[in-house]
Amino acid sequence: MFECKDVAEEASNYLDGDLPLGKRVGLFLHLVYCSCCRRYLQQIRQTISTVNILRPQEQHDTDTQALAEKLRMLSKTES
Amino acid sequence: MKKVASLNQLDEKALIDKLIEGDAAAFEFVVDRYHSIMLSVARAIIGEAFADEVVQDAWVSAIKALPRFEGRASLKTWLLQITSNGAKTRLRRESRQLSLDDGWQAEPDYKFDQRGHRIDDVLPWNIDTPDALLENEQLRQVIETTYQKLPPQQRAVLTMADMEGLEMKEICNILDISASNARVLLHRARTALHHSIEKYQES
């Protein structure tokens with residue numbers, strides 16, 4: 001039997017289609033009667049879409065413009 | 001800005017031609033577009049200390065090899081592979097099979113009863129579409145801060161899977177980890193972000 005705790009553990013695998021058939025069916029049946037878990041999965045989905053749109057970046061101190069120029073100069077000497 | 005937008009629409013072959021020609025805007029575009037994700041991969045493999053250096057070296061190797069780029073993989077995957085190879089060389093040989101059996105839980109135990117049922121409701125979010133989430137400046141900050149605080153391996157998998165759309169197989173290859181490790185890292189990263197949004201909505 002799938003319980004809420006299992007849904008919390010397997011949410012990503014379920015959404016990404018990486019769950020074996022037996023577990024997928026078990027989780028799906030749990031969702032039929034559990035509105036909490038339906039909401040939870042929906043929120044994980046929204047989290048993924050939000051990150052996809054927001055595209056947070058690594059923190060770094062590199063001056064990317066200077067790096068681009070350095071690489072351009074390098075490519076000139078290479079060619 | 002307009003220049004970058006138009007470069008965005010170029011196909012990869014044309015972009016590479018521009019790089020080979022030495023087009024300054026093209027160089028700025030690719031560095032701007034790929035530097036962060038290359039850093040993400042390097043940090044995931046060798047940690048913070050050498051990541052910057054590995055990425056700088058990867059850029060230099062990539063630019064030197066560019067005229068021989070055959071386009072079998074996308075430019076992004078190619079750059080990440082060069083970064084990954086550099087990081088792994090730096091690290092020398094080491095088993096990358098991570099031990100993930102560390103008691104991590106998607107949700108803490110106290111949220112469930114003995115049978116694994118949730119004790120409290122999962123509350124609906126007041127702000128409940130990605131667009132609305134992003135319109136809220138404070139919440140954007142919360143998400144960015146949470147992202148930056150994720151362990152480097154989680155951040156790298158999340159970046160490649162959910163932001164860059166790489167296949168799991170490619171991600172495992174780049175980070176040299178198993179598919180099950182990658183899936184666990186991805187779920188932990190998503191869960192951490194979900195928690196931060198949930199906490200914000202409740203406050």
# chains A, B, ... in the order shown; residues from 1 in each chain; ligands from 1
>>> interface_residues(of="chain A", to="chain B", cutoff="9 Å", atoms="only C-alpha atoms", output="count of residues only")
49
>>> closest_residue(among="A:Leu27, A:Leu15, A:Val32, A:Leu21", to="A:Met1", atoms="only C-alpha atoms")
A:Leu27
>>> atom_distance(atom1="atom CA of B:Glu167", atom2="atom CA of B:Ala42")
18.4 Å
>>> select_by_dssp(residues="chain A", states="alpha helix (DSSP H)", output="NGL selection string")
:A and (4-15 or 21-33 or 35-54 or 64-78)
>>> decode(residues="stretch 76-142 of chain B", atoms="C-alpha atoms", output="PDB file, in the first residue's frame")
ATOM      1  CA  LYS B  76      26.245  22.884 -24.253  1.00  0.00           C
ATOM      2  CA  THR B  77      26.819  19.154 -23.752  1.00  0.00           C
ATOM      3  CA  TRP B  78      30.252  19.450 -25.356  1.00  0.00           C
ATOM      4  CA  LEU B  79      31.269  22.289 -23.021  1.00  0.00           C
ATOM      5  CA  LEU B  80      29.970  20.381 -20.012  1.00  0.00           C
ATOM      6  CA  GLN B  81      31.845  17.267 -21.071  1.00  0.00           C
ATOM      7  CA  ILE B  82      35.092  19.230 -21.379  1.00  0.00           C
ATOM      8  CA  THR B  83      34.463  20.739 -17.933  1.00  0.00           C
ATOM      9  CA  SER B  84      33.655  17.351 -16.490  1.00  0.00           C
ATOM     10  CA  ASN B  85      36.783  15.753 -17.977  1.00  0.00           C
ATOM     11  CA  GLY B  86      38.938  18.559 -16.628  1.00  0.00           C
ATOM     12  CA  ALA B  87      37.403  18.301 -13.176  1.00  0.00           C
ATOM     13  CA  LYS B  88      37.805  14.538 -13.102  1.00  0.00           C
ATOM     14  CA  THR B  89      41.416  14.729 -14.200  1.00  0.00           C
ATOM     15  CA  ARG B  90      42.023  17.231 -11.449  1.00  0.00           C
ATOM     16  CA  LEU B  91      40.408  14.993  -8.962  1.00  0.00           C
ATOM     17  CA  ARG B  92      42.291  11.962 -10.259  1.00  0.00           C
ATOM     18  CA  ARG B  93      40.592   8.679  -9.995  1.00  0.00           C
ATOM     19  CA  GLU B  94      38.162   8.386  -7.165  1.00  0.00           C
ATOM     20  CA  SER B  95      34.997   6.437  -6.787  1.00  0.00           C
ATOM     21  CA  ARG B  96      32.099   8.752  -7.567  1.00  0.00           C
ATOM     22  CA  GLN B  97      29.471   6.387  -6.218  1.00  0.00           C
ATOM     23  CA  LEU B  98      28.029   8.569  -3.497  1.00  0.00           C
ATOM     24  CA  SER B  99      26.748   7.198  -0.302  1.00  0.00           C
ATOM     25  CA  LEU B 100      23.247   8.591  -0.120  1.00  0.00           C
ATOM     26  CA  ASP B 101      22.111   6.356   2.683  1.00  0.00           C
ATOM     27  CA  ASP B 102      22.300   9.135   5.207  1.00  0.00           C
ATOM     28  CA  GLY B 103      18.811   9.238   6.634  1.00  0.00           C
ATOM     29  CA  TRP B 104      17.608  12.008   4.326  1.00  0.00           C
ATOM     30  CA  GLN B 105      13.825  12.338   4.166  1.00  0.00           C
ATOM     31  CA  ALA B 106      11.660  14.234   1.716  1.00  0.00           C
ATOM     32  CA  GLU B 107       9.461  15.252   4.631  1.00  0.00           C
ATOM     33  CA  PRO B 108      10.328  14.902   8.322  1.00  0.00           C
ATOM     34  CA  ASP B 109       8.827  11.965  10.233  1.00  0.00           C
ATOM     35  CA  TYR B 110       6.673  14.127  12.461  1.00  0.00           C
ATOM     36  CA  LYS B 111       4.511  15.038   9.490  1.00  0.00           C
ATOM     37  CA  PHE B 112       3.252  11.430   9.263  1.00  0.00           C
ATOM     38  CA  ASP B 113       1.505   9.065  11.642  1.00  0.00           C
ATOM     39  CA  GLN B 114       2.716   5.528  12.311  1.00  0.00           C
ATOM     40  CA  ARG B 115       1.037   4.225   9.209  1.00  0.00           C
ATOM     41  CA  GLY B 116       2.673   6.854   7.010  1.00  0.00           C
ATOM     42  CA  HIS B 117      -0.432   9.039   6.595  1.00  0.00           C
ATOM     43  CA  ARG B 118      -0.007  12.787   6.675  1.00  0.00           C
ATOM     44  CA  ILE B 119      -1.091  14.236   9.995  1.00  0.00           C
ATOM     45  CA  ASP B 120      -1.728  17.755   8.705  1.00  0.00           C
ATOM     46  CA  ASP B 121      -3.086  18.912   5.385  1.00  0.00           C
ATOM     47  CA  VAL B 122      -0.754  20.026   2.637  1.00  0.00           C
ATOM     48  CA  LEU B 123      -1.968  23.602   2.498  1.00  0.00           C
ATOM     49  CA  PRO B 124      -2.818  25.115  -0.840  1.00  0.00           C
ATOM     50  CA  TRP B 125      -0.460  27.868  -1.931  1.00  0.00           C
ATOM     51  CA  ASN B 126      -1.831  31.395  -2.121  1.00  0.00           C
ATOM     52  CA  ILE B 127       0.456  32.070  -5.019  1.00  0.00           C
ATOM     53  CA  ASP B 128      -0.014  29.043  -7.146  1.00  0.00           C
ATOM     54  CA  THR B 129       1.241  29.465 -10.670  1.00  0.00           C
ATOM     55  CA  PRO B 130       4.878  29.711 -11.742  1.00  0.00           C
ATOM     56  CA  ASP B 131       4.257  33.157 -13.225  1.00  0.00           C
ATOM     57  CA  ALA B 132       2.633  34.444 -10.047  1.00  0.00           C
ATOM     58  CA  LEU B 133       5.413  32.904  -7.985  1.00  0.00           C
ATOM     59  CA  LEU B 134       7.949  34.780 -10.048  1.00  0.00           C
ATOM     60  CA  GLU B 135       6.148  38.093  -9.888  1.00  0.00           C
ATOM     61  CA  ASN B 136       6.752  38.112  -6.155  1.00  0.00           C
ATOM     62  CA  GLU B 137      10.220  39.628  -5.709  1.00  0.00           C
ATOM     63  CA  GLN B 138      10.677  38.333  -2.167  1.00  0.00           C
ATOM     64  CA  LEU B 139       9.823  34.835  -3.251  1.00  0.00           C
ATOM     65  CA  ARG B 140      12.258  35.026  -6.158  1.00  0.00           C
ATOM     66  CA  GLN B 141      14.935  35.887  -3.630  1.00  0.00           C
ATOM     67  CA  VAL B 142      13.917  32.955  -1.443  1.00  0.00           C
TER      68      VAL B 142
END
